$ cat protein-v9.csv   # CSV, C-alpha atoms
chain,number,residue,atom,x,y,z
A,1,MET,CA,-28.6,-10.0,0.2
A,2,GLU,CA,-25.6,-7.7,-0.3
A,3,THR,CA,-23.3,-8.4,-3.2
A,4,VAL,CA,-19.5,-8.6,-2.6
A,5,GLN,CA,-19.1,-5.2,-4.3
A,6,GLN,CA,-21.7,-3.6,-1.9
A,7,ARG,CA,-19.9,-5.2,1.1
A,8,PHE,CA,-16.7,-3.4,0.1
A,9,LEU,CA,-18.5,-0.2,-0.5
A,10,THR,CA,-20.0,-0.4,3.0
A,11,LEU,CA,-16.5,-1.3,4.3
A,12,ALA,CA,-15.0,1.8,2.7
A,13,GLU,CA,-17.8,4.0,4.2
A,14,ARG,CA,-17.3,2.5,7.7
A,15,LEU,CA,-13.5,3.0,7.5
A,16,GLY,CA,-14.1,6.6,6.5
A,17,GLN,CA,-16.1,7.1,9.7
A,18,GLN,CA,-13.4,5.6,11.9
A,19,VAL,CA,-10.4,7.1,10.2
A,20,ILE,CA,-11.3,10.7,9.7
A,21,GLY,CA,-9.3,13.0,7.3
A,22,GLN,CA,-7.5,10.3,5.3
A,23,PRO,CA,-9.9,9.2,2.5
A,24,GLN,CA,-7.0,8.7,0.1
A,25,LEU,CA,-5.2,6.3,2.4
A,26,ILE,CA,-8.3,4.3,3.0
A,27,GLU,CA,-9.0,4.0,-0.8
A,28,ARG,CA,-5.3,3.0,-1.4
A,29,LEU,CA,-5.4,0.4,1.3
A,30,LEU,CA,-8.5,-1.2,-0.3
A,31,ILE,CA,-7.0,-1.0,-3.8
A,32,ALA,CA,-3.9,-2.7,-2.5
A,33,LEU,CA,-6.0,-5.4,-0.9
A,34,LEU,CA,-8.1,-5.9,-4.1
A,35,ALA,CA,-5.0,-5.8,-6.4
A,36,ASP,CA,-3.1,-8.2,-4.1
A,37,GLY,CA,-0.2,-5.9,-3.6
A,38,HIS,CA,1.6,-3.9,-0.9
A,39,LEU,CA,1.9,-0.2,-0.2
A,40,LEU,CA,4.5,2.2,1.2
A,41,VAL,CA,3.0,5.2,3.1
A,42,GLU,CA,5.0,8.3,3.7
A,43,GLY,CA,3.8,11.0,6.1
A,44,ALA,CA,4.4,12.7,9.4
A,45,PRO,CA,3.7,11.0,12.7
A,46,GLY,CA,0.2,11.1,14.0
A,47,LEU,CA,-1.7,11.0,10.7
A,48,ALA,CA,-3.6,7.8,11.4
A,49,LYS,CA,-1.5,5.4,9.4
A,50,THR,CA,-1.5,2.7,12.1
A,51,ARG,CA,-5.2,3.4,12.9
A,52,ALA,CA,-6.2,2.9,9.3
A,53,ILE,CA,-4.6,-0.6,8.8
A,54,ARG,CA,-5.7,-1.7,12.3
A,55,GLN,CA,-9.3,-0.7,11.5
A,56,LEU,CA,-9.1,-2.6,8.2
A,57,GLY,CA,-7.8,-5.6,10.1
A,58,ASP,CA,-10.8,-5.4,12.4
A,59,HIS,CA,-13.1,-5.7,9.4
A,60,LEU,CA,-11.3,-8.6,7.7
A,61,GLN,CA,-11.3,-12.3,8.6
A,62,GLY,CA,-7.6,-12.5,9.5
A,63,SER,CA,-5.0,-11.3,11.9
A,64,PHE,CA,-3.0,-8.0,12.2
A,65,HIS,CA,0.5,-7.4,13.5
A,66,ARG,CA,2.6,-4.3,13.9
A,67,VAL,CA,6.4,-4.4,13.7
A,68,GLN,CA,8.4,-1.4,14.8
A,69,PHE,CA,11.5,-1.4,12.7
A,70,THR,CA,14.7,-0.5,14.5
A,71,PRO,CA,18.5,-0.7,13.7
A,72,ASP,CA,18.9,-3.7,15.9
A,73,LEU,CA,16.1,-5.8,14.3
A,74,LEU,CA,17.1,-9.1,12.8
A,75,PRO,CA,15.6,-11.0,9.8
A,76,ALA,CA,14.6,-13.8,12.3
A,77,ASP,CA,12.5,-11.3,14.2
A,78,LEU,CA,10.3,-11.1,11.1
A,79,THR,CA,10.4,-14.6,9.7
A,80,GLY,CA,10.6,-16.7,12.9
A,81,THR,CA,13.3,-19.1,13.9
A,82,GLU,CA,14.0,-22.7,14.8
A,83,VAL,CA,14.1,-23.4,18.5
A,84,PHE,CA,16.0,-26.4,19.9
A,85,ARG,CA,14.1,-28.8,22.1
A,86,PRO,CA,16.5,-30.5,24.5
A,87,GLN,CA,13.8,-33.1,25.5
A,88,ASP,CA,14.1,-34.9,22.2
A,89,GLY,CA,17.0,-33.1,20.5
A,90,SER,CA,14.8,-31.7,17.7
A,91,PHE,CA,14.2,-28.2,16.3
A,92,VAL,CA,10.8,-26.7,16.2
A,93,PHE,CA,10.0,-23.7,14.0
A,94,HIS,CA,8.3,-20.8,15.8
A,95,GLN,CA,6.5,-18.5,13.3
A,96,GLY,CA,7.4,-14.8,13.2
A,97,PRO,CA,5.1,-11.8,12.6
A,98,LEU,CA,5.1,-12.4,8.8
A,99,PHE,CA,2.6,-15.2,9.3
A,100,HIS,CA,-0.2,-12.7,10.0
A,101,ASN,CA,-2.5,-11.5,7.2
A,102,LEU,CA,-2.0,-7.7,7.7
A,103,ILE,CA,1.5,-6.4,8.6
A,104,LEU,CA,2.3,-2.8,9.5
A,105,ALA,CA,6.1,-2.4,9.0
A,106,ASP,CA,6.5,0.9,10.9
A,107,GLU,CA,9.4,3.1,9.8
A,108,ILE,CA,10.8,0.5,7.5
A,109,ASN,CA,13.8,2.7,6.6
A,110,ARG,CA,15.1,2.4,10.2
A,111,ALA,CA,16.1,-1.3,9.8
A,112,PRO,CA,19.3,-2.4,8.1
A,113,ALA,CA,19.3,-3.9,4.5
A,114,LYS,CA,19.2,-7.5,5.6
A,115,VAL,CA,15.9,-7.0,7.4
A,116,GLN,CA,14.4,-4.9,4.6
A,117,SER,CA,15.3,-7.6,2.0
A,118,ALA,CA,13.8,-10.3,4.2
A,119,LEU,CA,10.5,-8.4,4.3
A,120,LEU,CA,10.6,-7.6,0.6
A,121,GLU,CA,11.4,-11.2,-0.3
A,122,ALA,CA,8.4,-12.4,1.6
A,123,MET,CA,6.3,-9.7,-0.1
A,124,ALA,CA,7.4,-10.9,-3.6
A,125,GLU,CA,7.5,-14.7,-3.1
A,126,ARG,CA,4.7,-15.0,-0.5
A,127,GLN,CA,7.0,-17.5,1.3
A,128,ILE,CA,10.0,-17.5,3.6
A,129,THR,CA,12.8,-20.0,3.9
A,130,VAL,CA,14.4,-21.0,7.2
A,131,GLY,CA,17.2,-23.5,7.0
A,132,GLN,CA,16.3,-25.8,4.2
A,133,THR,CA,12.5,-25.5,4.6
A,134,SER,CA,10.2,-23.1,2.9
A,135,TYR,CA,7.0,-21.9,4.5
A,136,GLN,CA,4.0,-20.5,2.6
A,137,LEU,CA,2.6,-17.3,4.0
A,138,ASN,CA,-1.1,-16.7,4.7
A,139,ASP,CA,-3.6,-15.4,2.1
A,140,PRO,CA,-4.4,-12.6,2.1
A,141,PHE,CA,-1.0,-11.1,2.9
A,142,LEU,CA,-0.7,-7.4,2.8
A,143,VAL,CA,2.2,-5.3,4.0
A,144,MET,CA,1.8,-1.5,4.7
A,145,ALA,CA,5.2,-0.1,5.3
A,146,THR,CA,5.7,3.5,6.6
A,147,GLN,CA,8.4,6.1,6.3
A,148,ASN,CA,8.8,9.2,8.4
A,149,PRO,CA,9.9,12.0,6.1
A,150,ILE,CA,10.9,14.3,9.0
A,151,GLU,CA,13.9,12.4,10.5
A,152,GLN,CA,16.4,10.9,8.0
A,153,GLU,CA,19.4,10.6,10.3
A,154,GLY,CA,20.5,7.1,11.0
A,155,THR,CA,18.1,5.6,8.4
A,156,TYR,CA,18.6,3.1,5.6
A,157,PRO,CA,16.8,4.4,2.5
A,158,LEU,CA,15.2,1.7,0.4
A,159,PRO,CA,17.0,1.2,-3.0
A,160,GLU,CA,15.0,1.9,-6.2
A,161,ALA,CA,14.9,-1.8,-7.1
A,162,GLN,CA,13.3,-2.7,-3.8
A,163,LEU,CA,10.9,0.3,-3.9
A,164,ASP,CA,9.7,-1.2,-7.2
A,165,ARG,CA,8.2,-4.1,-5.3
A,166,PHE,CA,5.6,-1.9,-3.7
A,167,LEU,CA,2.4,-1.7,-5.6
A,168,LEU,CA,1.8,1.9,-4.4
A,169,HIS,CA,3.7,4.7,-2.8
A,170,VAL,CA,1.3,7.0,-1.0
A,171,TYR,CA,2.0,10.5,0.4
A,172,ILE,CA,-0.4,11.7,3.1
A,173,ASP,CA,-0.5,15.2,4.6
A,174,TYR,CA,-2.1,17.1,7.5
A,175,PRO,CA,-5.9,17.5,7.5
A,176,ASP,CA,-7.5,20.9,7.3
A,177,VAL,CA,-9.0,22.6,10.3
A,178,ASP,CA,-12.6,21.4,9.7
A,179,VAL,CA,-11.5,17.8,9.5
A,180,GLU,CA,-9.3,18.3,12.6
A,181,ARG,CA,-12.4,19.4,14.5
A,182,GLN,CA,-14.0,16.1,13.7
A,183,ILE,CA,-10.9,14.2,14.7
A,184,LEU,CA,-10.9,16.0,18.1
A,185,LYS,CA,-14.6,15.1,18.6
A,186,LEU,CA,-14.0,11.5,17.7
A,187,ALA,CA,-11.0,11.3,20.1
A,188,ARG,CA,-13.0,12.8,23.0
A,189,ASP,CA,-15.9,10.4,22.3
A,190,GLU,CA,-13.5,7.4,22.3
A,191,ALA,CA,-11.7,8.6,25.4
A,192,ARG,CA,-15.1,9.0,27.2
A,193,MET,CA,-16.1,5.5,26.2
A,194,ASP,CA,-12.7,4.1,27.5
A,195,THR,CA,-13.1,6.0,30.8
A,196,ASN,CA,-16.6,4.6,31.3
A,197,HIS,CA,-15.4,1.1,30.3
A,198,GLY,CA,-18.0,1.1,27.6
A,199,LYS,CA,-18.0,0.3,23.9
A,200,GLN,CA,-19.5,2.4,21.3
A,201,GLU,CA,-22.4,0.7,19.6
A,202,SER,CA,-22.3,0.5,15.8
A,203,PRO,CA,-24.3,-1.4,13.2
A,204,SER,CA,-23.3,-5.0,12.8
A,205,PHE,CA,-20.8,-5.6,10.0
A,206,PRO,CA,-19.6,-9.2,9.7
A,207,PRO,CA,-15.9,-9.3,8.7
A,208,ILE,CA,-15.0,-9.8,5.0
A,209,ARG,CA,-14.3,-13.5,4.6
A,210,SER,CA,-11.4,-14.9,2.5
A,211,ASP,CA,-13.8,-16.4,-0.1
A,212,GLU,CA,-15.5,-12.9,-0.5
A,213,LEU,CA,-12.1,-11.3,-1.0
A,214,ARG,CA,-11.1,-13.9,-3.6
A,215,GLN,CA,-14.5,-13.3,-5.4
A,216,ALA,CA,-13.9,-9.5,-5.2
A,217,ARG,CA,-10.4,-9.9,-6.7
A,218,SER,CA,-11.8,-12.0,-9.5
A,219,GLN,CA,-14.4,-9.4,-10.3
A,220,VAL,CA,-11.8,-6.7,-10.4
A,221,LEU,CA,-9.7,-8.7,-12.9
A,222,ASP,CA,-12.7,-9.2,-15.1
A,223,LEU,CA,-13.7,-5.5,-15.1
A,224,TYR,CA,-14.0,-4.0,-18.5
A,225,LEU,CA,-11.1,-2.0,-19.8
A,226,ALA,CA,-11.5,-0.7,-23.4
A,227,GLU,CA,-8.6,-1.4,-25.8
A,228,ASN,CA,-8.0,2.3,-26.4
A,229,LEU,CA,-7.7,2.9,-22.6
A,230,GLN,CA,-5.3,0.0,-22.4
A,231,GLU,CA,-3.2,1.7,-25.0
A,232,TYR,CA,-3.4,5.0,-23.1
A,233,LEU,CA,-2.2,3.2,-20.0
A,234,LEU,CA,0.7,1.7,-21.9
A,235,GLN,CA,1.6,5.0,-23.5
A,236,LEU,CA,1.8,6.7,-20.0
A,237,VAL,CA,4.3,4.1,-18.8
A,238,LEU,CA,6.3,4.1,-22.0
A,239,ALA,CA,6.5,7.8,-21.9
A,240,THR,CA,8.5,7.5,-18.6
A,241,ARG,CA,11.2,5.5,-20.5
A,242,ASN,CA,11.2,7.4,-23.8
A,243,PRO,CA,10.0,10.9,-23.0
A,244,ALA,CA,11.5,12.6,-26.1
A,245,PRO,CA,8.2,12.7,-28.0
A,246,TRP,CA,6.5,14.6,-25.1
A,247,GLY,CA,9.1,17.3,-24.5
A,248,GLU,CA,12.8,18.0,-24.2
A,249,ASP,CA,12.3,19.1,-20.6
A,250,LEU,CA,11.1,15.6,-19.7
A,251,VAL,CA,14.2,14.1,-21.3
A,252,GLY,CA,16.4,16.2,-19.1
A,253,TRP,CA,14.4,15.4,-16.0
A,254,LEU,CA,14.3,11.6,-16.2
A,255,ASN,CA,17.2,9.1,-15.9
A,256,TYR,CA,15.2,5.9,-15.7
A,257,GLY,CA,11.5,5.2,-16.3
A,258,ALA,CA,9.0,2.7,-14.9
A,259,SER,CA,9.4,-1.1,-15.3
A,260,PRO,CA,6.8,-3.5,-16.8
A,261,ARG,CA,5.8,-4.1,-13.2
A,262,ALA,CA,4.4,-0.6,-13.2
A,263,THR,CA,2.2,-1.4,-16.2
A,264,ILE,CA,0.7,-4.3,-14.4
A,265,ALA,CA,0.2,-2.3,-11.3
A,266,LEU,CA,-1.4,0.6,-13.1
A,267,ASP,CA,-3.8,-1.8,-14.8
A,268,ARG,CA,-4.8,-3.6,-11.6
A,269,CYS,CA,-5.1,-0.5,-9.5
A,270,ALA,CA,-7.2,1.4,-12.1
A,271,ARG,CA,-9.6,-1.6,-12.3
A,272,ALA,CA,-9.7,-1.8,-8.4
A,273,ARG,CA,-10.5,1.9,-8.1
A,274,ALA,CA,-13.3,1.7,-10.7
A,275,TRP,CA,-14.8,-1.4,-8.9
A,276,LEU,CA,-14.6,0.4,-5.5
A,277,VAL,CA,-16.7,3.3,-6.7
A,278,GLY,CA,-19.4,0.9,-8.0
A,279,ARG,CA,-18.6,0.9,-11.8
A,280,ASP,CA,-18.1,-2.1,-14.0
A,281,TYR,CA,-15.8,-0.3,-16.4
A,282,VAL,CA,-12.5,1.7,-16.2
A,283,THR,CA,-12.4,5.4,-17.2
A,284,PRO,CA,-9.3,7.6,-18.0
A,285,GLU,CA,-9.8,9.3,-14.6
A,286,ASP,CA,-9.3,5.9,-12.8
A,287,ILE,CA,-5.9,5.6,-14.6
A,288,GLN,CA,-4.9,9.2,-13.9
A,289,GLN,CA,-5.9,9.1,-10.2
A,290,VAL,CA,-3.8,6.0,-9.4
A,291,ALA,CA,-0.9,7.0,-11.7
A,292,PHE,CA,0.8,9.2,-9.1
A,293,ASP,CA,1.0,6.5,-6.5
A,294,VAL,CA,1.9,3.7,-9.0
A,295,LEU,CA,4.7,5.7,-10.7
A,296,ARG,CA,6.0,7.9,-8.0
A,297,HIS,CA,8.6,5.5,-6.6
A,298,ARG,CA,9.5,4.0,-9.9
A,299,LEU,CA,10.9,7.1,-11.6
A,300,LEU,CA,14.6,8.1,-11.1
A,301,LEU,CA,15.1,11.8,-11.6
A,302,SER,CA,18.2,13.4,-12.9
A,303,TYR,CA,20.5,15.8,-11.1
A,304,THR,CA,19.1,18.5,-13.4
A,305,ALA,CA,15.6,17.9,-12.1
A,306,GLU,CA,16.7,17.9,-8.5
A,307,ALA,CA,18.6,21.2,-9.0
A,308,GLU,CA,15.5,22.7,-10.6
A,309,GLY,CA,13.3,21.5,-7.7
A,310,VAL,CA,11.3,19.2,-10.0
A,311,THR,CA,9.6,16.4,-8.2
A,312,THR,CA,8.3,13.0,-9.5
A,313,ASN,CA,4.7,14.4,-8.9
A,314,ARG,CA,5.5,17.2,-11.3
A,315,VAL,CA,6.9,14.8,-13.9
A,316,ILE,CA,3.8,12.5,-13.7
A,317,SER,CA,1.5,15.6,-13.9
A,318,GLU,CA,3.3,16.7,-17.0
A,319,LEU,CA,3.0,13.3,-18.6
A,320,ILE,CA,-0.7,13.1,-17.8
A,321,SER,CA,-1.3,16.5,-19.4
A,322,ARG,CA,0.7,15.7,-22.5
A,323,VAL,CA,-0.2,12.1,-23.4
A,324,PRO,CA,-3.5,12.4,-25.2
A,325,VAL,CA,-6.6,10.8,-23.6
A,326,PRO,CA,-8.6,8.6,-26.0

$ encode --input "protein-v9.csv" --output "structure tokens"
Amino acid sequence: METVQQRFLTLAERLGQQVIGQPQLIERLLIALLADGHLLVEGAPGLAKTRAIRQLGDHLQGSFHRVQFTPDLLPADLTGTEVFRPQDGSFVFHQGPLFHNLILADEINRAPAKVQSALLEAMAERQITVGQTSYQLNDPFLVMATQNPIEQEGTYPLPEAQLDRFLLHVYIDYPDVDVERQILKLARDEARMDTNHGKQESPSFPPIRSDELRQARSQVLDLYLAENLQEYLLQLVLATRNPAPWGEDLVGWLNYGASPRATIALDRCARARAWLVGRDYVTPEDIQQVAFDVLRHRLLLSYTAEAEGVTTNRVISELISRVPVP
């Protein structure tokens, strides 16, 4: 009988076959699921962002919903609203998309601040309030929000304080030519199956149940993290707030560092990554691999850094190279 860990390893393998060319996105989606957080994904259109979370939804016991964010969207379009019933003069609450398990918030920066804050409040509190009544959201509840880096006209950029509520901020890029050949073949095969009204046969994989996910999350939290590695993790985050010991150039580049929420996120994501590759302990590589996505949106660079063309990736890379590994 498969263990929960083996089930998730099989899930990661299956997703890799269905979403070609985005192994990092698949891994980060699973890390967010195991760490009980949300992720912001930035990348050009057509890079399988929607496909990835939809495929994940097909393999989980739960429901998936996609919301296209637009400037005319209202908070009630996400949370739901109370509808008046003239028959008996009462109000009945109709649930909105947030009552699904997996939410794709497509192009989140196209909706105004009220809508963004309604979504982020639901992400943080796992509940919504309509009128005087609060409603608990489903468990699991995972939001994958996307941003299109190409078009910024008419958008509402997320403030840093709201970005901090995302567990991970993932950048994805175009695949190389060999991977794109595989994508083309997969697209042809799927189109052929659709044309013939057929369905591609694949080995049976029962969806991950809610109790299995809870068990997996418990195992991730109990994963062994040595004290010296915990100290290393802390020093990486603290270096973003007080970079002076690690170089004067870093002092000039950073205005604000990461919050304690980043420390918690780095700990949970490093444990989740180690668990996903089949280990029962965390290594320095686990911390370093997730550090970019955990810290990227939590650092505020100075005008000096922007003038010099320094990115948050460059700052994080410098910190990793300068803070000694135990």

$ residues_around --input "protein-v9.csv" --residues "A:Val325" --least-positions-apart "5" --cutoff "9 Å" --atoms "all atoms listed in the file" --output "MDAnalysis selection string"
chainID A and resid 229 232 284 320

$ residues_around --input "protein-v9.csv" --residues "A:Tyr156" --least-positions-apart "3" --cutoff "8 Å" --atoms "only C-alpha atoms" --output "PyMOL selection string"
chain A and resi 109-113

$ closest_residue --input "protein-v9.csv" --among "A:Leu236, A:Ala216, A:Ile150, A:Ala305" --to "A:Gln5" --atoms "all atoms listed in the file"
A:Ala216

$ closest_residue --input "protein-v9.csv" --among "A:Thr155, A:Gln162, A:Ser210, A:Gln87" --to "A:Asp72" --atoms "all atoms listed in the file"
A:Thr155

$ closest_residue --input "protein-v9.csv" --among "A:Leu15, A:Leu9, A:Ala122, A:Ile208" --to "A:Gly62" --atoms "all atoms listed in the file"
A:Ile208

$ atom_distance --input "protein-v9.csv" --atom1 "atom CA of A:Arg241" --atom2 "atom CA of A:Glu227"
21.6 Å

$ atom_distance --input "protein-v9.csv" --atom1 "atom CA of A:Glu125" --atom2 "atom CA of A:Phe84"
27.2 Å

$ residues_around --input "protein-v9.csv" --residues "A:Phe99" --least-positions-apart "6" --cutoff "8 Å" --atoms "only C-alpha atoms" --output "list in words"
Thr79, Leu137 and Asn138 of chain A

$ closest_residue --input "protein-v9.csv" --among "A:Ala307, A:Leu56, A:Val170, A:Val67" --to "A:Asp293" --atoms "all atoms listed in the file"
A:Val170

$ atom_distance --input "protein-v9.csv" --atom1 "atom CA of A:Ile128" --atom2 "atom CA of A:Val115"
12.6 Å

$ closest_residue --input "protein-v9.csv" --among "A:Gly57, A:Pro159, A:Gly37, A:Gly257" --to "A:Ser302" --atoms "all atoms listed in the file"
A:Gly257

$ residues_around --input "protein-v9.csv" --residues "stretch 41-49 of chain A" --least-positions-apart "5" --cutoff "6 Å" --atoms "only C-alpha atoms" --output "list in words"
Thr146, Gln147, Asn148, His169, Val170, Tyr171 and Ile172 of chain A

$ closest_residue --input "protein-v9.csv" --among "A:Ile103, A:Leu300, A:Ile53, A:Val19" --to "A:Glu180" --atoms "only C-alpha atoms"
A:Val19

$ residues_near_point --input "protein-v9.csv" --point "(-9.7, -0.8, -1.8)" --cutoff "9 Å" --atoms "all atoms listed in the file" --output "JSON, numbers by chain"
{"A": [8, 9, 12, 26, 27, 28, 29, 30, 31, 32, 33, 34, 35, 269, 272, 273, 275, 276]}

$ write_last_selection --input "protein-v9.csv" --atoms "C-alpha atoms" --output "CSV table (one decimal), keeping the file's coordinate frame"
chain,number,residue,atom,x,y,z
A,8,PHE,CA,-16.7,-3.4,0.1
A,9,LEU,CA,-18.5,-0.2,-0.5
A,12,ALA,CA,-15.0,1.8,2.7
A,26,ILE,CA,-8.3,4.3,3.0
A,27,GLU,CA,-9.0,4.0,-0.8
A,28,ARG,CA,-5.3,3.0,-1.4
A,29,LEU,CA,-5.4,0.4,1.3
A,30,LEU,CA,-8.5,-1.2,-0.3
A,31,ILE,CA,-7.0,-1.0,-3.8
A,32,ALA,CA,-3.9,-2.7,-2.5
A,33,LEU,CA,-6.0,-5.4,-0.9
A,34,LEU,CA,-8.1,-5.9,-4.1
A,35,ALA,CA,-5.0,-5.8,-6.4
A,269,CYS,CA,-5.1,-0.5,-9.5
A,272,ALA,CA,-9.7,-1.8,-8.4
A,273,ARG,CA,-10.5,1.9,-8.1
A,275,TRP,CA,-14.8,-1.4,-8.9
A,276,LEU,CA,-14.6,0.4,-5.5

$ build_atoms --input "protein-v9.csv" --residues "stretch 279-291 of chain A" --atoms "N, CA and C atoms" --output "short mmCIF file (atom, residue, chain, number, x, y, z; two decimals), keeping the file's coordinate frame"
data_model
loop_
_atom_site.label_atom_id
_atom_site.label_comp_id
_atom_site.auth_asym_id
_atom_site.auth_seq_id
_atom_site.Cartn_x
_atom_site.Cartn_y
_atom_site.Cartn_z
N ARG A 279 -18.47 1.03 -10.31
CA ARG A 279 -18.60 0.90 -11.80
C ARG A 279 -18.12 -0.45 -12.24
N ASP A 280 -18.57 -0.85 -13.44
CA ASP A 280 -18.10 -2.10 -14.00
C ASP A 280 -17.24 -1.87 -15.26
N TYR A 281 -16.67 -0.67 -15.34
CA TYR A 281 -15.80 -0.30 -16.40
C TYR A 281 -14.76 0.72 -15.93
N VAL A 282 -13.61 0.79 -16.60
CA VAL A 282 -12.50 1.70 -16.20
C VAL A 282 -12.64 2.97 -17.07
N THR A 283 -12.40 4.14 -16.46
CA THR A 283 -12.40 5.40 -17.20
C THR A 283 -10.96 5.98 -17.16
N PRO A 284 -10.67 6.96 -18.03
CA PRO A 284 -9.30 7.60 -18.00
C PRO A 284 -9.03 8.20 -16.61
N GLU A 285 -10.07 8.69 -15.90
CA GLU A 285 -9.80 9.30 -14.60
C GLU A 285 -9.31 8.24 -13.60
N ASP A 286 -9.78 6.99 -13.71
CA ASP A 286 -9.30 5.90 -12.80
C ASP A 286 -7.78 5.75 -13.01
N ILE A 287 -7.34 5.74 -14.26
CA ILE A 287 -5.90 5.60 -14.60
C ILE A 287 -5.11 6.75 -14.05
N GLN A 288 -5.63 7.95 -14.29
CA GLN A 288 -4.90 9.20 -13.90
C GLN A 288 -4.83 9.31 -12.37
N GLN A 289 -5.90 8.91 -11.66
CA GLN A 289 -5.90 9.10 -10.20
C GLN A 289 -4.92 8.16 -9.51
N VAL A 290 -4.72 6.95 -10.04
CA VAL A 290 -3.80 6.00 -9.40
C VAL A 290 -2.37 6.15 -9.96
N ALA A 291 -2.21 6.88 -11.07
CA ALA A 291 -0.90 7.00 -11.70
C ALA A 291 0.17 7.54 -10.82
#
